[in-house]
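Peer 1: Submitted below is the structure of interest, expressed as C-alpha cells.
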Amino acid sequence: MHSRTSFSHLRKSAFICGCFIFLLCTAVPVFAQHGGKAEPGRIEFKRGTNSTTVSDVVRGDEEAEYVLAAKQGQRLTIKITSVPVKSSVFQLLGEDNDTLGLEHEANFDISIVLPKTGDYFINVKRPTEARGTSRYKLTITVR
C-alpha cells in the first residue's frame, strides 16, 4: 500500500511541476515584450481623411513610439495635449534618426513640409524621468 501512495504522490508532483513549467514558458514571452523595444505603432488615416488622433498614457521614463508614412512636399502637423498640462512632449525624426533640422527634441506642436518620401517617427514621452503619469492626445494631420 505504501508504494501505491508514493506513486500517486509522485504523479501528482510531476503534474504540478509540468503545469508550472508550462505556465512559465507561456508567460515569459509576455513579460519580455515589456522589457524589449516594441515595434512602433503605425499611424494610418481612415479613408477620405487626412487627420487622426491617438490617445494613450506614458508613465515615468516610458516612451510611446509611432511611425507614419508620408510623401515629400506634404505638410505634417502634429499637436499634443496632455493631463496634467504639458506633461507629455514629442520628438519627430526621419529615417536614420534624421532630426529634420528641428531645433528642439521636445515639442508640443509642429508644422513642417516633409523633405522626402518615407517613414517618419514620433516619440512621445514625459519631459522628466521622475515618477508620474501623463495622459496625452496626439493629433496628426498630413496635407
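Each chain in the C-alpha cells gets a letter, A, B and so on, in the order shown; residues start at 1 in every chain, and ligands are counted from 1 in the order they appear.
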So which residues touch Leu93 (chain A) within 10 Å, counting only C-alpha atoms, skipping near sequence neighbours fewer than 5 positions away, as JSON, numbers by chain?

Peer 2: {"A": [67, 98, 99, 100, 101, 102, 105, 119, 120, 121, 122, 123]}

Peer 1: Go ahead and save the residues from that selection, with N, CA and C atoms, as a PDB file, in the first residue's frame.

Peer 2:
ATOM      1  N   VAL A  67       4.969  55.417 -36.036  1.00  0.00           N
ATOM      2  CA  VAL A  67       5.586  55.609 -37.344  1.00  0.00           C
ATOM      3  C   VAL A  67       4.489  55.973 -38.333  1.00  0.00           C
ATOM      4  N   ASP A  98      17.120  61.084 -38.518  1.00  0.00           N
ATOM      5  CA  ASP A  98      17.299  62.439 -39.042  1.00  0.00           C
ATOM      6  C   ASP A  98      16.416  63.393 -38.243  1.00  0.00           C
ATOM      7  N   THR A  99      17.017  64.445 -37.668  1.00  0.00           N
ATOM      8  CA  THR A  99      16.266  65.408 -36.851  1.00  0.00           C
ATOM      9  C   THR A  99      15.485  66.412 -37.695  1.00  0.00           C
ATOM     10  N   LEU A 100      15.598  66.328 -39.009  1.00  0.00           N
ATOM     11  CA  LEU A 100      14.845  67.171 -39.944  1.00  0.00           C
ATOM     12  C   LEU A 100      15.127  68.655 -39.745  1.00  0.00           C
ATOM     13  N   GLY A 101      16.238  68.986 -39.113  1.00  0.00           N
ATOM     14  CA  GLY A 101      16.603  70.379 -38.883  1.00  0.00           C
ATOM     15  C   GLY A 101      15.776  71.042 -37.790  1.00  0.00           C
ATOM     16  N   LEU A 102      15.022  70.246 -37.038  1.00  0.00           N
ATOM     17  CA  LEU A 102      14.200  70.817 -35.966  1.00  0.00           C
ATOM     18  C   LEU A 102      15.083  71.234 -34.800  1.00  0.00           C
ATOM     19  N   GLU A 105      14.176  68.828 -29.257  1.00  0.00           N
ATOM     20  CA  GLU A 105      13.849  67.409 -29.138  1.00  0.00           C
ATOM     21  C   GLU A 105      12.483  67.225 -28.485  1.00  0.00           C
ATOM     22  N   ASP A 119       9.223  56.938 -44.116  1.00  0.00           N
ATOM     23  CA  ASP A 119       8.659  56.829 -42.777  1.00  0.00           C
ATOM     24  C   ASP A 119       9.190  57.938 -41.878  1.00  0.00           C
ATOM     25  N   TYR A 120       8.300  58.455 -41.040  1.00  0.00           N
ATOM     26  CA  TYR A 120       8.651  59.454 -40.034  1.00  0.00           C
ATOM     27  C   TYR A 120       8.246  58.891 -38.678  1.00  0.00           C
ATOM     28  N   PHE A 121       9.084  59.118 -37.688  1.00  0.00           N
ATOM     29  CA  PHE A 121       8.897  58.524 -36.370  1.00  0.00           C
ATOM     30  C   PHE A 121       8.549  59.600 -35.350  1.00  0.00           C
ATOM     31  N   ILE A 122       7.539  59.314 -34.529  1.00  0.00           N
ATOM     32  CA  ILE A 122       7.092  60.236 -33.484  1.00  0.00           C
ATOM     33  C   ILE A 122       7.253  59.514 -32.151  1.00  0.00           C
ATOM     34  N   ASN A 123       8.069  60.073 -31.274  1.00  0.00           N
ATOM     35  CA  ASN A 123       8.297  59.502 -29.944  1.00  0.00           C
ATOM     36  C   ASN A 123       7.652  60.416 -28.911  1.00  0.00           C
TER      37      ASN A 123
END

Peer 1: So what do you get for CA of Ser51 (chain A) versus CA of Gln91 (chain A), distance-wise?

Peer 2: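 Distance between the two atoms: 18.4 Å.
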
Peer 1: Near Lys79 (chain A), counting only C-alpha atoms, which residues have an atom at most 10 Å away, once you skip same-chain residues fewer than 6 positions from it, shown as an NGL selection string?

Peer 2: :A and (53 or 89-90 or 107-111 or 137-141)

Peer 1: Write the residues of the selection above to a file with N, CA and C atoms, as a compact mmCIF listing (two decimals), in the first residue's frame.

Peer 2:
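Saved as part_38.txt:
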# COMPACT_ATOMS: atom_id res chain seq x y z
N THR A 53 -6.31 61.15 -34.40
CA THR A 53 -5.88 61.43 -33.03
C THR A 53 -5.64 60.11 -32.31
N VAL A 89 5.53 65.40 -24.21
CA VAL A 89 6.15 66.09 -25.35
C VAL A 89 6.41 65.03 -26.42
N PHE A 90 6.73 65.49 -27.65
CA PHE A 90 7.07 64.52 -28.69
C PHE A 90 8.31 64.98 -29.43
N ASN A 107 8.72 68.76 -28.19
CA ASN A 107 7.78 69.67 -28.84
C ASN A 107 6.37 69.45 -28.33
N PHE A 108 5.56 70.53 -28.42
CA PHE A 108 4.13 70.46 -28.11
C PHE A 108 3.31 70.55 -29.40
N ASP A 109 3.85 71.21 -30.41
CA ASP A 109 3.20 71.26 -31.71
C ASP A 109 4.25 71.61 -32.77
N ILE A 110 3.96 71.19 -33.98
CA ILE A 110 4.91 71.42 -35.07
C ILE A 110 4.15 71.36 -36.39
N SER A 111 4.61 72.11 -37.37
CA SER A 111 4.09 72.03 -38.73
C SER A 111 5.29 72.14 -39.66
N LYS A 137 -3.13 63.23 -25.89
CA LYS A 137 -3.81 63.10 -27.17
C LYS A 137 -2.88 63.70 -28.21
N LEU A 138 -2.53 62.90 -29.18
CA LEU A 138 -1.63 63.31 -30.26
C LEU A 138 -2.43 63.39 -31.54
N THR A 139 -2.54 64.60 -32.10
CA THR A 139 -3.30 64.80 -33.34
C THR A 139 -2.31 64.99 -34.48
N ILE A 140 -2.45 64.17 -35.51
CA ILE A 140 -1.53 64.17 -36.65
C ILE A 140 -2.33 64.45 -37.90
N THR A 141 -1.86 65.45 -38.66
CA THR A 141 -2.51 65.82 -39.92
C THR A 141 -1.48 65.85 -41.02

Peer 1: Grab the CA of Ile43 (chain A) to CA of Val58 (chain A) distance for me, in Å with one decimal place.

Peer 2: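 One can read the CA of Ile43 (chain A) to CA of Val58 (chain A) distance as 17.6 Å.
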
Peer 1: CA of Gln74 (chain A) to CA of Ala106 (chain A): how many Å, to one decimal?

Peer 2: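 About the pair CA of Gln74 (chain A) and CA of Ala106 (chain A): they are 22.1 Å apart.
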
Peer 1: Could you go through region 97-139 of chain A and tell me which residues DSSP, when run on the backbone, assigns to strand (DSSP E), listing them as a list in words?

Peer 2: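 So, restricting region 97-139 of chain A to strand (DSSP E), we get Asp109, Ile110, Ser111, Ile112, Val113, Gly118, Asp119, Tyr120, Phe121, Ile122, Asn123, Val124, Lys125, Thr133, Ser134, Arg135, Tyr136, Lys137, Leu138 and Thr139 of chain A.
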